Amino acid sequence: MSEELIELVLLEMREKMAKAVTRTRQEFSSIRTGRPSPALVEKIPVDYFGSEVPLQQLASFSVPEAQQLVISPFDKGAVEAIEKAIQIADLGISPSNDGSVLRLSFPPLTEERRKQLVKVVRSLAEEGRVTLRNVRRSSRQDLEALIKDGEASSDSVKRAEESVDQITREHENEINAALEQKEEELLEV
């Protein structure tokens with residue numbers, strides 16, 4: 001019984017940590033590198049017939065050139081709403097509207113801007129690591145509660161805590177690897 005409860009705590013911890021890593025990677029993808037990516041705009045909320053809808057549900061995206069992102073709305077009547085949403089999102093880019101598609105032309109990144117983006121990415125990675133530490137702390141508290149309630153021995157909880165530390169290190173390494181990759185992308189000229 002006690003081993004099952006410990007496994008449940010570890011399983012829940014793994015799931016929460018995996019979600020934290022996934023969220024951190026998603027946040028990384030929304031940071032612009034040298035080449036535009038649909039991830040920069042796909043989550044922008046668009047006021048479409050009175051309800052907020054993510055842009056990815058209203059349009060398809062393509063990158064025909066190294067510095068250009070083309071947004072093709074499924075409904076041509078949504079072009080103005082999408083254009084307005086992009087302007088509100090304050091990406092520092094104004095879309096050009098030809099009536100059926102929107103074109104976003106991204107200027108090349110300057111060295112200074114690249115360094116600023118690296119700082120932003122590092123802070124996002126740190127937020128991800130803090131989330132992992134909070135999950136670890138919560139899991140340790142759950143394990144300690146099993147001892148207090150008499151549902152697990154202190155020896156089995158001690159072994160589980162070693163697993164908690166190992167799982168945390170694995171997930172931190174995933175975030176660090178993603179950070180390293182993103183920094184490389186940003187500094188690539």
# chains A, B, ... in the order shown; residues from 1 in each chain; ligands from 1
>>> residues_around(residues="range 6-23 of chain A", least_positions_apart="2", cutoff="10 Å", atoms="only C-alpha atoms", output="PyMOL selection string")
chain A and resi 1-4+25-29+124-125+127-140+142-143+146+151-152+156-157+159-161+163-164+167-168+170-176+178
>>> write_last_selection(atoms="N, CA and C atoms", output="compact mmCIF listing (two decimals), in the first residue's frame")
# COMPACT_ATOMS: atom_id res chain seq x y z
N MET A 1 0.83 -1.21 0.00
CA MET A 1 0.00 0.00 0.00
C MET A 1 0.86 1.26 0.00
N SER A 2 1.88 1.28 0.88
CA SER A 2 2.71 2.48 0.98
C SER A 2 3.48 2.72 -0.31
N GLU A 3 3.96 1.64 -0.94
CA GLU A 3 4.69 1.78 -2.20
C GLU A 3 3.79 2.37 -3.29
N GLU A 4 2.53 1.98 -3.30
CA GLU A 4 1.59 2.49 -4.28
C GLU A 4 1.37 3.99 -4.10
N ARG A 25 9.26 25.32 -23.19
CA ARG A 25 9.61 25.20 -24.61
C ARG A 25 8.66 26.01 -25.48
N GLN A 26 7.37 26.01 -25.14
CA GLN A 26 6.41 26.80 -25.90
C GLN A 26 6.71 28.29 -25.79
N GLU A 27 7.09 28.72 -24.60
CA GLU A 27 7.44 30.13 -24.42
C GLU A 27 8.69 30.47 -25.23
N PHE A 28 9.64 29.53 -25.30
CA PHE A 28 10.83 29.75 -26.12
C PHE A 28 10.45 29.93 -27.58
N SER A 29 9.49 29.13 -28.05
CA SER A 29 9.13 29.18 -29.47
C SER A 29 8.46 30.51 -29.83
N LEU A 124 13.07 33.13 -18.87
CA LEU A 124 12.01 32.14 -19.05
C LEU A 124 12.47 30.77 -18.58
N ALA A 125 13.73 30.43 -18.85
CA ALA A 125 14.28 29.15 -18.40
C ALA A 125 14.32 29.11 -16.88
N GLU A 127 12.34 30.71 -14.85
CA GLU A 127 10.96 30.53 -14.39
C GLU A 127 10.56 29.06 -14.46
N GLY A 128 10.97 28.38 -15.52
CA GLY A 128 10.69 26.95 -15.65
C GLY A 128 11.36 26.15 -14.56
N ARG A 129 12.62 26.48 -14.25
CA ARG A 129 13.34 25.77 -13.18
C ARG A 129 12.70 26.03 -11.82
N VAL A 130 12.23 27.25 -11.60
CA VAL A 130 11.55 27.57 -10.34
C VAL A 130 10.28 26.74 -10.21
N THR A 131 9.55 26.60 -11.31
CA THR A 131 8.35 25.76 -11.30
C THR A 131 8.71 24.33 -10.92
N LEU A 132 9.81 23.82 -11.49
CA LEU A 132 10.25 22.46 -11.16
C LEU A 132 10.57 22.34 -9.66
N ARG A 133 11.24 23.33 -9.12
CA ARG A 133 11.59 23.30 -7.69
C ARG A 133 10.33 23.34 -6.82
N ASN A 134 9.34 24.12 -7.24
CA ASN A 134 8.09 24.16 -6.48
C ASN A 134 7.38 22.82 -6.51
N VAL A 135 7.40 22.14 -7.65
CA VAL A 135 6.79 20.82 -7.75
C VAL A 135 7.56 19.84 -6.86
N ARG A 136 8.90 19.94 -6.88
CA ARG A 136 9.72 19.07 -6.03
C ARG A 136 9.37 19.28 -4.55
N ARG A 137 9.28 20.55 -4.14
CA ARG A 137 8.95 20.85 -2.74
C ARG A 137 7.59 20.26 -2.37
N SER A 138 6.62 20.44 -3.24
CA SER A 138 5.28 19.92 -2.98
C SER A 138 5.30 18.40 -2.87
N SER A 139 6.05 17.74 -3.74
CA SER A 139 6.13 16.28 -3.70
C SER A 139 6.80 15.80 -2.41
N ARG A 140 7.84 16.50 -1.99
CA ARG A 140 8.49 16.13 -0.73
C ARG A 140 7.53 16.29 0.45
N ASP A 142 4.30 15.98 0.29
CA ASP A 142 3.36 14.87 0.20
C ASP A 142 3.98 13.59 0.77
N LEU A 143 5.26 13.37 0.49
CA LEU A 143 5.94 12.19 1.01
C LEU A 143 6.06 12.25 2.54
N LEU A 146 2.94 11.26 4.19
CA LEU A 146 2.73 9.81 4.24
C LEU A 146 3.37 9.22 5.50
N GLU A 151 1.39 5.94 6.72
CA GLU A 151 1.09 5.17 5.51
C GLU A 151 2.35 4.74 4.77
N ALA A 152 3.53 5.21 5.21
CA ALA A 152 4.78 4.81 4.58
C ALA A 152 5.90 4.88 5.61
N SER A 156 11.38 3.99 3.06
CA SER A 156 10.84 4.02 1.70
C SER A 156 10.68 5.46 1.21
N VAL A 157 10.34 6.37 2.10
CA VAL A 157 10.23 7.77 1.72
C VAL A 157 11.61 8.34 1.41
N ARG A 159 14.12 6.71 0.10
CA ARG A 159 14.44 6.25 -1.25
C ARG A 159 13.65 7.05 -2.29
N ALA A 160 12.40 7.33 -1.98
CA ALA A 160 11.56 8.09 -2.91
C ALA A 160 12.10 9.51 -3.09
N GLU A 161 12.61 10.10 -2.00
CA GLU A 161 13.16 11.45 -2.09
C GLU A 161 14.38 11.49 -3.01
N SER A 163 14.66 9.58 -5.59
CA SER A 163 14.03 9.57 -6.93
C SER A 163 13.52 10.95 -7.29
N VAL A 164 12.96 11.66 -6.32
CA VAL A 164 12.45 13.02 -6.55
C VAL A 164 13.59 13.91 -7.05
N ILE A 167 14.60 12.85 -10.68
CA ILE A 167 13.60 13.28 -11.66
C ILE A 167 13.70 14.79 -11.89
N THR A 168 13.90 15.53 -10.81
CA THR A 168 14.05 16.99 -10.92
C THR A 168 15.26 17.34 -11.77
N GLU A 170 16.67 15.54 -14.09
CA GLU A 170 16.39 15.18 -15.49
C GLU A 170 15.60 16.29 -16.19
N HIS A 171 14.58 16.79 -15.51
CA HIS A 171 13.74 17.83 -16.12
C HIS A 171 14.49 19.16 -16.22
N GLU A 172 15.33 19.47 -15.23
CA GLU A 172 16.15 20.69 -15.31
C GLU A 172 17.11 20.59 -16.50
N ASN A 173 17.65 19.39 -16.72
CA ASN A 173 18.55 19.21 -17.86
C ASN A 173 17.81 19.41 -19.18
N GLU A 174 16.55 19.01 -19.24
CA GLU A 174 15.76 19.23 -20.46
C GLU A 174 15.59 20.73 -20.72
N ILE A 175 15.28 21.48 -19.66
CA ILE A 175 15.12 22.94 -19.81
C ILE A 175 16.46 23.56 -20.21
N ASN A 176 17.55 23.11 -19.59
CA ASN A 176 18.86 23.66 -19.92
C ASN A 176 19.24 23.38 -21.37
N ALA A 178 17.13 22.90 -23.88
CA ALA A 178 16.28 23.76 -24.72
C ALA A 178 16.79 25.20 -24.70
>>> select_by_dssp(residues="range 84-166 of chain A", states="strand (DSSP E or B)", output="short mmCIF file (atom, residue, chain, number, x, y, z; two decimals) with N, CA and C atoms, in the first residue's frame")
data_model
loop_
_atom_site.label_atom_id
_atom_site.label_comp_id
_atom_site.auth_asym_id
_atom_site.auth_seq_id
_atom_site.Cartn_x
_atom_site.Cartn_y
_atom_site.Cartn_z
N SER A 96 1.00 44.14 -43.49
CA SER A 96 0.49 44.75 -44.73
C SER A 96 -0.65 43.85 -45.23
N ASN A 97 -1.77 44.51 -45.53
CA ASN A 97 -3.00 43.81 -45.87
C ASN A 97 -3.30 44.00 -47.35
N LEU A 102 -2.37 38.58 -45.01
CA LEU A 102 -1.58 39.57 -44.29
C LEU A 102 -0.12 39.15 -44.37
N ARG A 103 0.74 40.12 -44.61
CA ARG A 103 2.17 39.85 -44.68
C ARG A 103 2.85 40.61 -43.54
N LEU A 104 3.67 39.88 -42.79
CA LEU A 104 4.47 40.49 -41.73
C LEU A 104 5.92 40.44 -42.17
N SER A 105 6.53 41.60 -42.35
CA SER A 105 7.94 41.66 -42.73
C SER A 105 8.77 41.94 -41.49
#
>>> select_by_dssp(residues="range 38-82 of chain A", states="helix (DSSP H, G or I)", output="JSON, numbers by chain")
{"A": [38, 39, 40, 55, 56, 57, 76, 77, 78, 79, 80, 81, 82]}
>>> write_last_selection(atoms="C-alpha atoms", output="mmCIF file, in the first residue's frame")
data_model
loop_
_atom_site.group_PDB
_atom_site.id
_atom_site.type_symbol
_atom_site.label_atom_id
_atom_site.label_comp_id
_atom_site.auth_asym_id
_atom_site.auth_seq_id
_atom_site.Cartn_x
_atom_site.Cartn_y
_atom_site.Cartn_z
ATOM 1 C CA PRO A 38 4.154 30.992 -36.827
ATOM 2 C CA ALA A 39 4.588 30.443 -33.076
ATOM 3 C CA LEU A 40 5.135 34.197 -32.783
ATOM 4 C CA LEU A 55 -5.256 33.221 -34.474
ATOM 5 C CA GLN A 56 -4.215 29.642 -35.265
ATOM 6 C CA GLN A 57 -7.917 28.688 -35.457
ATOM 7 C CA LYS A 76 -11.578 36.535 -45.855
ATOM 8 C CA GLY A 77 -13.956 38.602 -43.707
ATOM 9 C CA ALA A 78 -11.627 38.088 -40.738
ATOM 10 C CA VAL A 79 -8.660 39.881 -42.336
ATOM 11 C CA GLU A 80 -9.374 43.222 -40.629
ATOM 12 C CA ALA A 81 -9.960 41.597 -37.221
ATOM 13 C CA ILE A 82 -6.689 39.669 -37.517
#
>>> closest_residue(among="A:Ser51, A:Ser30, A:Gln141, A:Ser100", to="Ser72 in chain A", atoms="only C-alpha atoms")
A:Ser100
>>> closest_residue(among="A:Asp155, A:Asp75, A:Glu188, A:Glu183", to="Val120 in chain A", atoms="only C-alpha atoms")
A:Glu183
>>> atom_distance(atom1="CA of Val46 in chain A", atom2="CA of Ile86 in chain A")
8.3 Å
